[in-house]
Every structure is written in C-alpha cells, then in structure tokens.
file query.csv (CSV, N, CA and C atoms and all ligand atoms)
chain,number,residue,atom,x,y,z
A,55,MET,N,47.1,141.9,109.1
A,55,MET,CA,47.7,140.6,109.5
A,55,MET,C,48.6,140.9,110.7
A,56,PRO,N,48.5,140.2,111.8
A,56,PRO,CA,49.3,140.5,113.0
A,56,PRO,C,50.8,140.1,112.6
A,57,THR,N,51.7,140.8,113.2
A,57,THR,CA,53.1,140.5,113.0
A,57,THR,C,53.7,139.9,114.3
A,58,SER,N,54.7,139.1,114.2
A,58,SER,CA,55.4,138.6,115.3
A,58,SER,C,56.1,139.7,116.1
A,59,SER,N,56.2,139.6,117.4
A,59,SER,CA,56.8,140.7,118.1
A,59,SER,C,58.4,140.6,117.9
A,60,THR,N,58.9,139.5,117.4
A,60,THR,CA,60.3,139.4,117.2
A,60,THR,C,60.7,139.8,115.8
A,61,ALA,N,59.7,139.9,114.9
A,61,ALA,CA,60.0,140.2,113.5
A,61,ALA,C,60.4,141.7,113.4
A,62,PRO,N,61.4,142.0,112.5
A,62,PRO,CA,61.8,143.4,112.3
A,62,PRO,C,60.7,144.1,111.6
A,63,PRO,N,60.5,145.4,111.8
A,63,PRO,CA,59.4,146.1,111.1
A,63,PRO,C,59.8,146.2,109.6
A,64,ARG,N,58.8,146.0,108.8
A,64,ARG,CA,59.0,146.0,107.3
A,64,ARG,C,58.3,147.2,106.7
A,65,GLY,N,59.0,147.8,105.7
A,65,GLY,CA,58.3,148.8,104.9
A,65,GLY,C,57.8,148.3,103.6
A,66,TYR,N,57.5,149.2,102.7
A,66,TYR,CA,56.9,148.7,101.4
A,66,TYR,C,58.0,147.9,100.7
A,67,TYR,N,59.2,148.4,100.8
A,67,TYR,CA,60.4,147.7,100.2
A,67,TYR,C,61.2,147.0,101.4
A,68,GLY,N,61.7,145.9,101.1
A,68,GLY,CA,62.6,145.2,102.1
A,68,GLY,C,63.9,146.0,102.3
A,69,ARG,N,64.5,146.4,101.1
A,69,ARG,CA,65.7,147.2,101.2
A,69,ARG,C,65.6,148.3,100.1
A,70,HIS,N,66.2,149.4,100.4
A,70,HIS,CA,66.1,150.5,99.5
A,70,HIS,C,67.5,151.1,99.4
A,71,ILE,N,68.0,151.2,98.2
A,71,ILE,CA,69.4,151.8,98.0
A,71,ILE,C,69.2,153.1,97.3
A,72,PHE,N,69.9,154.2,97.8
A,72,PHE,CA,69.9,155.5,97.2
A,72,PHE,C,71.3,155.8,96.7
A,73,PHE,N,71.4,156.2,95.4
A,73,PHE,CA,72.6,156.7,94.9
A,73,PHE,C,72.6,158.2,94.7
A,74,CYS,N,73.6,158.8,95.2
A,74,CYS,CA,73.8,160.3,95.0
A,74,CYS,C,74.2,160.4,93.5
A,75,LEU,N,73.5,161.2,92.7
A,75,LEU,CA,73.8,161.5,91.3
A,75,LEU,C,74.0,163.0,91.2
A,76,ASN,N,74.3,163.6,92.2
A,76,ASN,CA,74.4,165.1,92.2
A,76,ASN,C,75.5,165.5,91.3
A,77,GLU,N,75.2,166.6,90.5
A,77,GLU,CA,76.2,167.2,89.6
A,77,GLU,C,76.3,168.7,89.9
A,78,ARG,N,77.5,169.1,90.4
A,78,ARG,CA,77.7,170.5,90.7
A,78,ARG,C,78.3,171.2,89.4
A,79,LYS,N,77.8,172.4,89.2
A,79,LYS,CA,78.2,173.1,88.0
A,79,LYS,C,79.3,174.2,88.4
A,80,ASN,N,79.6,174.3,89.7
A,80,ASN,CA,80.5,175.4,90.1
A,80,ASN,C,81.9,174.9,90.2
A,81,GLY,N,82.3,173.7,89.7
A,81,GLY,CA,83.6,173.3,89.8
A,81,GLY,C,84.0,172.4,91.0
A,82,GLU,N,83.1,172.4,92.0
A,82,GLU,CA,83.3,171.6,93.2
A,82,GLU,C,83.1,170.1,92.8
A,83,GLU,N,83.8,169.3,93.6
A,83,GLU,CA,83.6,167.8,93.3
A,83,GLU,C,82.2,167.4,93.6
A,84,SER,N,81.7,166.4,92.9
A,84,SER,CA,80.4,165.8,93.2
A,84,SER,C,80.4,164.4,92.6
A,85,CYS,N,79.5,163.6,93.1
A,85,CYS,CA,79.5,162.2,92.8
A,85,CYS,C,79.4,161.9,91.3
A,86,SER,N,78.7,162.8,90.6
A,86,SER,CA,78.5,162.6,89.1
A,86,SER,C,79.8,162.5,88.4
A,87,GLN,N,80.9,163.1,89.0
A,87,GLN,CA,82.2,163.1,88.3
A,87,GLN,C,82.9,161.8,88.6
A,88,HIS,N,82.3,161.0,89.4
A,88,HIS,CA,83.0,159.7,89.8
A,88,HIS,C,82.2,158.5,89.5
A,89,ASN,N,81.6,158.5,88.3
A,89,ASN,CA,80.9,157.3,87.8
A,89,ASN,C,79.6,157.0,88.6
A,90,ALA,N,79.0,157.9,89.2
A,90,ALA,CA,77.8,157.6,90.0
A,90,ALA,C,76.7,157.1,89.1
A,91,GLN,N,76.5,157.7,88.0
A,91,GLN,CA,75.4,157.3,87.1
A,91,GLN,C,75.6,155.8,86.6
A,92,GLN,N,76.9,155.5,86.3
A,92,GLN,CA,77.2,154.1,85.9
A,92,GLN,C,76.9,153.1,87.0
A,93,GLY,N,77.2,153.5,88.2
A,93,GLY,CA,77.0,152.6,89.4
A,93,GLY,C,75.5,152.4,89.5
A,94,PHE,N,74.7,153.5,89.4
A,94,PHE,CA,73.3,153.4,89.6
A,94,PHE,C,72.7,152.5,88.5
A,95,ASP,N,73.1,152.8,87.2
A,95,ASP,CA,72.6,152.0,86.1
A,95,ASP,C,72.9,150.5,86.3
A,96,ARG,N,74.1,150.2,86.7
A,96,ARG,CA,74.5,148.8,86.9
A,96,ARG,C,73.7,148.2,88.0
A,97,CYS,N,73.4,148.9,89.1
A,97,CYS,CA,72.7,148.4,90.2
A,97,CYS,C,71.2,148.1,89.8
A,98,LYS,N,70.6,149.0,89.1
A,98,LYS,CA,69.3,148.8,88.6
A,98,LYS,C,69.2,147.5,87.7
A,99,LYS,N,70.1,147.4,86.8
A,99,LYS,CA,70.1,146.3,85.9
A,99,LYS,C,70.3,145.0,86.7
A,100,ARG,N,71.3,144.9,87.6
A,100,ARG,CA,71.6,143.7,88.3
A,100,ARG,C,70.4,143.3,89.2
A,101,VAL,N,69.8,144.3,89.9
A,101,VAL,CA,68.7,144.0,90.8
A,101,VAL,C,67.5,143.4,90.0
A,102,LYS,N,67.3,144.0,88.8
A,102,LYS,CA,66.2,143.5,88.0
A,102,LYS,C,66.5,142.1,87.4
A,103,GLU,N,67.7,141.9,86.9
A,103,GLU,CA,68.0,140.6,86.4
A,103,GLU,C,68.0,139.5,87.4
A,104,ALA,N,68.3,139.9,88.7
A,104,ALA,CA,68.3,138.9,89.8
A,104,ALA,C,66.9,138.6,90.3
A,105,GLY,N,65.9,139.4,89.8
A,105,GLY,CA,64.5,139.2,90.2
A,105,GLY,C,64.3,139.8,91.6
A,106,LEU,N,65.1,140.7,92.0
A,106,LEU,CA,65.0,141.3,93.3
A,106,LEU,C,64.2,142.6,93.4
A,107,ALA,N,63.8,143.1,92.2
A,107,ALA,CA,63.1,144.4,92.2
A,107,ALA,C,61.7,144.3,92.6
A,108,GLY,N,61.2,145.3,93.3
A,108,GLY,CA,59.7,145.4,93.5
A,108,GLY,C,59.3,145.4,95.0
A,109,PRO,N,58.0,145.6,95.2
A,109,PRO,CA,57.5,145.7,96.6
A,109,PRO,C,57.8,144.4,97.4
A,110,GLY,N,58.2,144.7,98.6
A,110,GLY,CA,58.6,143.6,99.5
A,110,GLY,C,60.1,143.2,99.3
A,111,ASN,N,60.7,143.7,98.3
A,111,ASN,CA,62.0,143.4,97.9
A,111,ASN,C,62.9,144.6,97.8
A,112,VAL,N,63.5,144.8,96.7
A,112,VAL,CA,64.5,145.9,96.6
A,112,VAL,C,64.1,147.0,95.7
A,113,ARG,N,64.4,148.3,96.1
A,113,ARG,CA,64.2,149.4,95.2
A,113,ARG,C,65.5,150.2,95.1
A,114,VAL,N,65.8,150.6,93.9
A,114,VAL,CA,67.0,151.4,93.6
A,114,VAL,C,66.6,152.8,93.2
A,115,ASN,N,67.0,153.8,93.9
A,115,ASN,CA,66.6,155.1,93.6
A,115,ASN,C,67.8,156.1,93.5
A,116,LYS,N,67.5,157.1,92.6
A,116,LYS,CA,68.4,158.3,92.5
A,116,LYS,C,68.2,159.2,93.7
A,117,ALA,N,69.3,159.8,94.1
A,117,ALA,CA,69.2,160.9,95.1
A,117,ALA,C,70.0,162.1,94.7
A,118,GLY,N,69.7,163.2,95.3
A,118,GLY,CA,70.6,164.4,95.2
A,118,GLY,C,71.7,164.2,96.2
A,119,CYS,N,72.4,165.3,96.5
A,119,CYS,CA,73.5,165.3,97.4
A,119,CYS,C,73.1,164.7,98.7
A,120,LEU,N,73.9,163.8,99.2
A,120,LEU,CA,73.7,163.2,100.5
A,120,LEU,C,74.6,163.8,101.5
A,121,ASP,N,75.4,164.8,101.1
A,121,ASP,CA,76.3,165.6,102.0
A,121,ASP,C,77.4,164.7,102.5
A,122,ARG,N,77.8,163.7,101.8
A,122,ARG,CA,79.0,163.0,102.1
A,122,ARG,C,80.0,162.9,100.9
A,123,CYS,N,80.0,164.0,100.2
A,123,CYS,CA,80.7,164.1,98.9
A,123,CYS,C,82.2,163.8,98.9
A,124,ALA,N,82.9,164.0,100.0
A,124,ALA,CA,84.3,163.7,100.0
A,124,ALA,C,84.6,162.2,99.8
A,125,GLY,N,83.6,161.3,100.0
A,125,GLY,CA,83.8,159.9,99.8
A,125,GLY,C,83.1,159.4,98.5
A,126,GLY,N,82.7,160.4,97.7
A,126,GLY,CA,81.9,160.0,96.5
A,126,GLY,C,82.7,159.2,95.5
A,127,PRO,N,81.9,158.4,94.7
A,127,PRO,CA,80.5,158.3,94.7
A,127,PRO,C,79.9,157.5,95.9
A,128,VAL,N,78.8,157.9,96.4
A,128,VAL,CA,78.2,157.2,97.6
A,128,VAL,C,76.8,156.7,97.3
A,129,ALA,N,76.5,155.6,98.1
A,129,ALA,CA,75.2,155.1,98.1
A,129,ALA,C,74.9,154.6,99.5
A,130,VAL,N,73.6,154.6,99.9
A,130,VAL,CA,73.2,154.2,101.2
A,130,VAL,C,72.1,153.2,101.1
A,131,VAL,N,72.1,152.2,101.9
A,131,VAL,CA,71.1,151.1,102.0
A,131,VAL,C,70.3,151.2,103.2
A,132,TYR,N,69.0,151.2,103.1
A,132,TYR,CA,68.1,151.2,104.2
A,132,TYR,C,67.3,149.9,104.2
A,133,PRO,N,66.8,149.3,105.3
A,133,PRO,CA,66.7,150.0,106.6
A,133,PRO,C,68.0,149.9,107.4
A,134,GLU,N,69.1,149.3,106.9
A,134,GLU,CA,70.3,149.2,107.8
A,134,GLU,C,71.1,150.5,107.9
A,135,ALA,N,70.8,151.5,107.0
A,135,ALA,CA,71.6,152.7,107.0
A,135,ALA,C,73.1,152.4,106.9
A,136,VAL,N,73.4,151.6,105.9
A,136,VAL,CA,74.8,151.3,105.6
A,136,VAL,C,75.2,152.1,104.4
A,137,TRP,N,76.4,152.8,104.6
A,137,TRP,CA,76.9,153.7,103.5
A,137,TRP,C,78.0,153.0,102.8
A,138,TYR,N,78.0,153.1,101.5
A,138,TYR,CA,79.0,152.5,100.6
A,138,TYR,C,79.6,153.6,99.7
A,139,THR,N,80.9,153.3,99.3
A,139,THR,CA,81.5,153.9,98.2
A,139,THR,C,81.9,152.8,97.2
A,140,PHE,N,82.0,153.2,96.0
A,140,PHE,CA,82.3,152.1,95.0
A,140,PHE,C,83.2,152.7,93.9
A,141,VAL,N,83.8,151.8,93.1
A,141,VAL,CA,84.7,152.2,92.0
A,141,VAL,C,84.1,151.7,90.7
A,142,ASP,N,83.8,150.4,90.7
A,142,ASP,CA,83.5,149.8,89.4
A,142,ASP,C,82.3,148.9,89.5
A,143,GLU,N,82.0,148.2,88.4
A,143,GLU,CA,80.8,147.3,88.3
A,143,GLU,C,80.9,146.1,89.3
A,144,GLN,N,82.1,145.7,89.5
A,144,GLN,CA,82.3,144.5,90.4
A,144,GLN,C,81.9,144.9,91.8
A,145,ASP,N,82.2,146.2,92.2
A,145,ASP,CA,81.8,146.6,93.5
A,145,ASP,C,80.2,146.7,93.6
A,146,ILE,N,79.6,147.2,92.6
A,146,ILE,CA,78.1,147.2,92.6
A,146,ILE,C,77.5,145.8,92.7
A,147,ASP,N,78.1,144.9,91.9
A,147,ASP,CA,77.6,143.6,91.9
A,147,ASP,C,77.7,142.9,93.2
A,148,GLU,N,78.8,143.2,93.9
A,148,GLU,CA,79.0,142.7,95.3
A,148,GLU,C,78.0,143.3,96.3
A,149,ILE,N,77.7,144.5,96.1
A,149,ILE,CA,76.7,145.2,97.0
A,149,ILE,C,75.3,144.5,96.7
A,150,VAL,N,75.0,144.3,95.5
A,150,VAL,CA,73.7,143.7,95.2
A,150,VAL,C,73.6,142.3,95.7
A,151,ASP,N,74.6,141.5,95.3
A,151,ASP,CA,74.6,140.0,95.7
A,151,ASP,C,74.7,139.8,97.2
A,152,SER,N,75.6,140.5,97.8
A,152,SER,CA,75.8,140.3,99.2
A,152,SER,C,74.8,141.0,100.1
A,153,HIS,N,74.7,142.3,99.9
A,153,HIS,CA,73.8,143.0,100.9
A,153,HIS,C,72.4,143.0,100.4
A,154,LEU,N,72.1,143.5,99.2
A,154,LEU,CA,70.7,143.6,98.8
A,154,LEU,C,70.0,142.3,98.7
A,155,ARG,N,70.7,141.3,98.3
A,155,ARG,CA,70.0,139.9,98.2
A,155,ARG,C,70.1,139.1,99.5
A,156,ASP,N,71.4,139.1,100.1
A,156,ASP,CA,71.6,138.2,101.2
A,156,ASP,C,71.7,138.8,102.5
A,157,GLY,N,71.6,140.2,102.6
A,157,GLY,CA,71.6,140.9,103.9
A,157,GLY,C,73.0,140.9,104.5
A,158,LYS,N,74.0,140.6,103.8
A,158,LYS,CA,75.4,140.6,104.4
A,158,LYS,C,76.1,141.9,103.9
A,159,VAL,N,76.5,142.7,104.9
A,159,VAL,CA,77.2,144.0,104.6
A,159,VAL,C,78.6,143.7,103.9
A,160,VAL,N,78.9,144.5,102.9
A,160,VAL,CA,80.2,144.4,102.2
A,160,VAL,C,81.2,145.3,102.9
A,161,GLU,N,81.9,144.8,103.8
A,161,GLU,CA,82.8,145.5,104.7
A,161,GLU,C,83.8,146.3,103.9
A,162,ARG,N,84.4,145.8,102.9
A,162,ARG,CA,85.5,146.4,102.2
A,162,ARG,C,85.0,147.7,101.4
A,163,LEU,N,83.7,147.9,101.2
A,163,LEU,CA,83.2,149.0,100.5
A,163,LEU,C,82.6,150.1,101.4
A,164,LEU,N,82.7,149.9,102.7
A,164,LEU,CA,82.0,150.8,103.6
A,164,LEU,C,82.6,152.2,103.6
A,165,LEU,N,81.8,153.2,103.6
A,165,LEU,CA,82.3,154.6,103.7
A,165,LEU,C,82.7,154.8,105.1
A,166,PRO,N,83.9,155.3,105.3
A,166,PRO,CA,84.3,155.6,106.7
A,166,PRO,C,83.3,156.6,107.4
A,167,PRO,N,83.1,156.4,108.7
A,167,PRO,CA,82.0,157.1,109.4
A,167,PRO,C,82.3,158.6,109.4
A,168,ASP,N,83.6,159.0,109.3
A,168,ASP,CA,83.9,160.5,109.5
A,168,ASP,C,83.8,161.2,108.1
A,169,VAL,N,83.5,160.6,107.0
A,169,VAL,CA,83.5,161.3,105.7
A,169,VAL,C,82.3,162.1,105.6
A,170,GLY,N,82.5,163.4,105.4
A,170,GLY,CA,81.4,164.3,105.2
A,170,GLY,C,81.5,165.0,103.9
A,171,ARG,N,81.1,166.3,103.9
A,171,ARG,CA,81.1,167.0,102.6
A,171,ARG,C,82.5,167.4,102.2
B,201,LIG,S1,77.7,165.2,95.7
B,201,LIG,FE1,77.3,163.1,96.3
B,201,LIG,S2,77.1,163.2,98.4
B,201,LIG,FE2,77.3,165.2,97.8

call {"tool": "encode", "arguments": {"input": "query.csv", "output": "structure tokens"}}
result
Amino acid sequence: MPTSSTAPPRGYYGRHIFFCLNERKNGEESCSQHNAQQGFDRCKKRVKEAGLAGPGNVRVNKAGCLDRCAGGPVAVVYPEAVWYTFVDEQDIDEIVDSHLRDGKVVERLLLPPDVGR
C-alpha cells in the first residue's frame, strides 16, 4: 500500500518502550535495585488494560543495561527516542496515558541528557 509522503515512517509497532531490568551482582548500582521490575510490570499491565498492546500500537519490552545507570531506573520510548526515569506507579501510568497513548512527552519525568553510566 502506498504511503503519503508526509506520513511518518511506521514500524511494526507504533511505539516501543524498553525498560532496563539489569541486575549487577558486583555491588554496583543498577536499575533492578530501584524498582525497575515493578515499573515494567505496571507498564505491561496498564498498556494491556488500555487496549494499547499489539502490532501497530504499543510494545513493552525488557532490556539489559542501557548504559544510563546513574539515572536509574530508566526506560526509553521509540520512535521518539525519549528517555524517562520514574519512581512509582503514578509515573508509569502518566507515561502510558500521555506518551504511549496520546503521543505527548511527560516533561517532568525526562532523564537529563547528560546522565550516563
Ligand atoms: S543498569 Fe540500568 S541503565 Fe545500566
């Protein structure tokens, strides 16, 4: 099917969010020590309940270290390449409702651009 020249390119999923769930055993900080798994689980649940999951829509995936550990827990949304950090379930809900559903970036949860490992 031809696409409009003004339409953004679309992948298999409309949006894809990756959560770092890395767990270091050597005593160094990692996202798993900061409720990363809970954030991932909450996101999966909310996306599914909202009917957003699936091809052409939203996919929630686990990831290993994304090398931005100092801001952990971290998650990144594509295709916009927007990086987030979060604390609780309300933060996750806002990312789902605002960004994943409505395409509006949640400015208050953005990971500062200079945060690295
Ligand atoms: S441990 Fe999560 S970004 Fe590195």

call {"tool": "residues_near_ligand", "arguments": {"input": "query.csv", "ligand": "ligand LIG 201 (chain B)", "cutoff": "8 Å", "atoms": "all atoms listed in the file", "output": "list in words"}}
result
Phe73, Cys74, Leu75, Asn76, Glu77, Arg78, Glu82, Glu83, Ser84, Cys85, Ser86, Gln87, Ala117, Gly118, Cys119, Leu120, Asp121, Arg122, Cys123, Ala124, Gly125, Gly126, Pro127, Val128, Ala129, Gly170 and Arg171 of chain A

call {"tool": "atom_distance", "arguments": {"input": "query.csv", "atom1": "CA of Val131 (chain A)", "atom2": "atom N of Arg96 (chain A)"}}
result
15.6 Å

call {"tool": "select_by_dssp", "arguments": {"input": "query.csv", "residues": "region 55-129 of chain A", "states": "alpha helix (DSSP H)", "output": "compact mmCIF listing (two decimals) with N, CA and C atoms, keeping the file's coordinate frame"}}
result
# COMPACT_ATOMS: atom_id res chain seq x y z
N ALA A 90 79.00 157.90 89.20
CA ALA A 90 77.80 157.60 90.00
C ALA A 90 76.70 157.10 89.10
N GLN A 91 76.50 157.70 88.00
CA GLN A 91 75.40 157.30 87.10
C GLN A 91 75.60 155.80 86.60
N GLN A 92 76.90 155.50 86.30
CA GLN A 92 77.20 154.10 85.90
C GLN A 92 76.90 153.10 87.00
N GLY A 93 77.20 153.50 88.20
CA GLY A 93 77.00 152.60 89.40
C GLY A 93 75.50 152.40 89.50
N PHE A 94 74.70 153.50 89.40
CA PHE A 94 73.30 153.40 89.60
C PHE A 94 72.70 152.50 88.50
N ASP A 95 73.10 152.80 87.20
CA ASP A 95 72.60 152.00 86.10
C ASP A 95 72.90 150.50 86.30
N ARG A 96 74.10 150.20 86.70
CA ARG A 96 74.50 148.80 86.90
C ARG A 96 73.70 148.20 88.00
N CYS A 97 73.40 148.90 89.10
CA CYS A 97 72.70 148.40 90.20
C CYS A 97 71.20 148.10 89.80
N LYS A 98 70.60 149.00 89.10
CA LYS A 98 69.30 148.80 88.60
C LYS A 98 69.20 147.50 87.70
N LYS A 99 70.10 147.40 86.80
CA LYS A 99 70.10 146.30 85.90
C LYS A 99 70.30 145.00 86.70
N ARG A 100 71.30 144.90 87.60
CA ARG A 100 71.60 143.70 88.30
C ARG A 100 70.40 143.30 89.20
N VAL A 101 69.80 144.30 89.90
CA VAL A 101 68.70 144.00 90.80
C VAL A 101 67.50 143.40 90.00
N LYS A 102 67.30 144.00 88.80
CA LYS A 102 66.20 143.50 88.00
C LYS A 102 66.50 142.10 87.40
N GLU A 103 67.70 141.90 86.90
CA GLU A 103 68.00 140.60 86.40
C GLU A 103 68.00 139.50 87.40

call {"tool": "residues_around", "arguments": {"input": "query.csv", "residues": "Asn111 (chain A)", "least_positions_apart": "6", "cutoff": "6.5 Å", "atoms": "only N, CA and C atoms", "output": "list of chain:residue names"}}
result
A:Tyr66, A:Tyr67, A:Gly68, A:Arg69, A:His70

call {"tool": "select_by_dssp", "arguments": {"input": "query.csv", "residues": "region 124-159 of chain A", "states": "strand (DSSP E or B)", "output": "PyMOL selection string"}}
result
chain A and resi 128-132+136-139

call {"tool": "residues_around", "arguments": {"input": "query.csv", "residues": "Ile71 (chain A)", "least_positions_apart": "4", "cutoff": "6.5 Å", "atoms": "only N, CA and C atoms", "output": "CSV table (one decimal) with N, CA and C atoms, in the frame of the given file"}}
result
chain,number,residue,atom,x,y,z
A,112,VAL,N,63.5,144.8,96.7
A,112,VAL,CA,64.5,145.9,96.6
A,112,VAL,C,64.1,147.0,95.7
A,113,ARG,N,64.4,148.3,96.1
A,113,ARG,CA,64.2,149.4,95.2
A,113,ARG,C,65.5,150.2,95.1
A,114,VAL,N,65.8,150.6,93.9
A,114,VAL,CA,67.0,151.4,93.6
A,114,VAL,C,66.6,152.8,93.2
A,115,ASN,N,67.0,153.8,93.9
A,115,ASN,CA,66.6,155.1,93.6
A,115,ASN,C,67.8,156.1,93.5
A,116,LYS,N,67.5,157.1,92.6
A,116,LYS,CA,68.4,158.3,92.5
A,116,LYS,C,68.2,159.2,93.7
A,129,ALA,N,76.5,155.6,98.1
A,129,ALA,CA,75.2,155.1,98.1
A,129,ALA,C,74.9,154.6,99.5
A,130,VAL,N,73.6,154.6,99.9
A,130,VAL,CA,73.2,154.2,101.2
A,130,VAL,C,72.1,153.2,101.1
A,131,VAL,N,72.1,152.2,101.9
A,131,VAL,CA,71.1,151.1,102.0
A,131,VAL,C,70.3,151.2,103.2
A,132,TYR,N,69.0,151.2,103.1
A,132,TYR,CA,68.1,151.2,104.2
A,132,TYR,C,67.3,149.9,104.2

call {"tool": "atom_distance", "arguments": {"input": "query.csv", "atom1": "atom N of Gly108 (chain A)", "atom2": "CA of Gln91 (chain A)"}}
result
19.6 Å

call {"tool": "atom_distance", "arguments": {"input": "query.csv", "atom1": "atom N of Tyr138 (chain A)", "atom2": "atom C of Leu164 (chain A)"}}
result
5.1 Å

call {"tool": "closest_residue", "arguments": {"input": "query.csv", "among": "A:Gly81, A:Pro166, A:Gly65, A:Gly93", "to": "Asp145 (chain A)", "atoms": "all atoms listed in the file"}}
result
A:Gly93

call {"tool": "closest_residue", "arguments": {"input": "query.csv", "among": "A:Ile146, A:Ala107, A:Val136, A:Ala90", "to": "Lys158 (chain A)", "atoms": "only C-alpha atoms"}}
result
A:Val136

call {"tool": "closest_residue", "arguments": {"input": "query.csv", "among": "A:Asp147, A:His88, A:Trp137, A:Asn80", "to": "Arg100 (chain A)", "atoms": "all atoms listed in the file"}}
result
A:Asp147

call {"tool": "decode", "arguments": {"input": "query.csv", "residues": "region 63-76 of chain A", "atoms": "N, CA and C atoms", "output": "tab-separated table (two decimals), in the first residue's frame"}}
result
chain	number	residue	atom	x	y	z
A	63	PRO	N	7.37	7.50	8.96
A	63	PRO	CA	7.56	6.07	8.73
A	63	PRO	C	7.05	5.28	9.93
A	64	ARG	N	6.42	4.15	9.69
A	64	ARG	CA	5.87	3.35	10.77
A	64	ARG	C	6.53	1.98	10.78
A	65	GLY	N	6.82	1.50	11.99
A	65	GLY	CA	7.36	0.17	12.11
A	65	GLY	C	6.26	-0.80	12.45
A	66	TYR	N	6.64	-1.97	12.87
A	66	TYR	CA	5.65	-2.99	13.23
A	66	TYR	C	4.82	-2.54	14.42
A	67	TYR	N	5.50	-1.85	15.35
A	67	TYR	CA	4.79	-1.23	16.47
A	67	TYR	C	4.79	0.28	16.30
A	68	GLY	N	3.72	0.89	16.74
A	68	GLY	CA	3.67	2.35	16.68
A	68	GLY	C	4.64	2.97	17.66
A	69	ARG	N	4.66	2.43	18.88
A	69	ARG	CA	5.63	2.87	19.89
A	69	ARG	C	6.15	1.65	20.62
A	70	HIS	N	7.39	1.78	21.04
A	70	HIS	CA	8.09	0.67	21.70
A	70	HIS	C	8.78	1.25	22.92
A	71	ILE	N	8.49	0.68	24.10
A	71	ILE	CA	9.17	1.15	25.31
A	71	ILE	C	10.03	0.02	25.87
A	72	PHE	N	11.27	0.35	26.15
A	72	PHE	CA	12.23	-0.61	26.72
A	72	PHE	C	12.58	-0.19	28.14
A	73	PHE	N	12.47	-1.14	29.06
A	73	PHE	CA	12.84	-0.92	30.46
A	73	PHE	C	14.15	-1.64	30.76
A	74	CYS	N	15.12	-0.93	31.28
A	74	CYS	CA	16.32	-1.61	31.77
A	74	CYS	C	15.95	-2.38	33.03
A	75	LEU	N	16.21	-3.68	33.02
A	75	LEU	CA	15.98	-4.52	34.21
A	75	LEU	C	17.29	-5.12	34.69
A	76	ASN	N	18.37	-4.49	34.31
A	76	ASN	CA	19.68	-5.05	34.63
A	76	ASN	C	19.90	-5.17	36.14
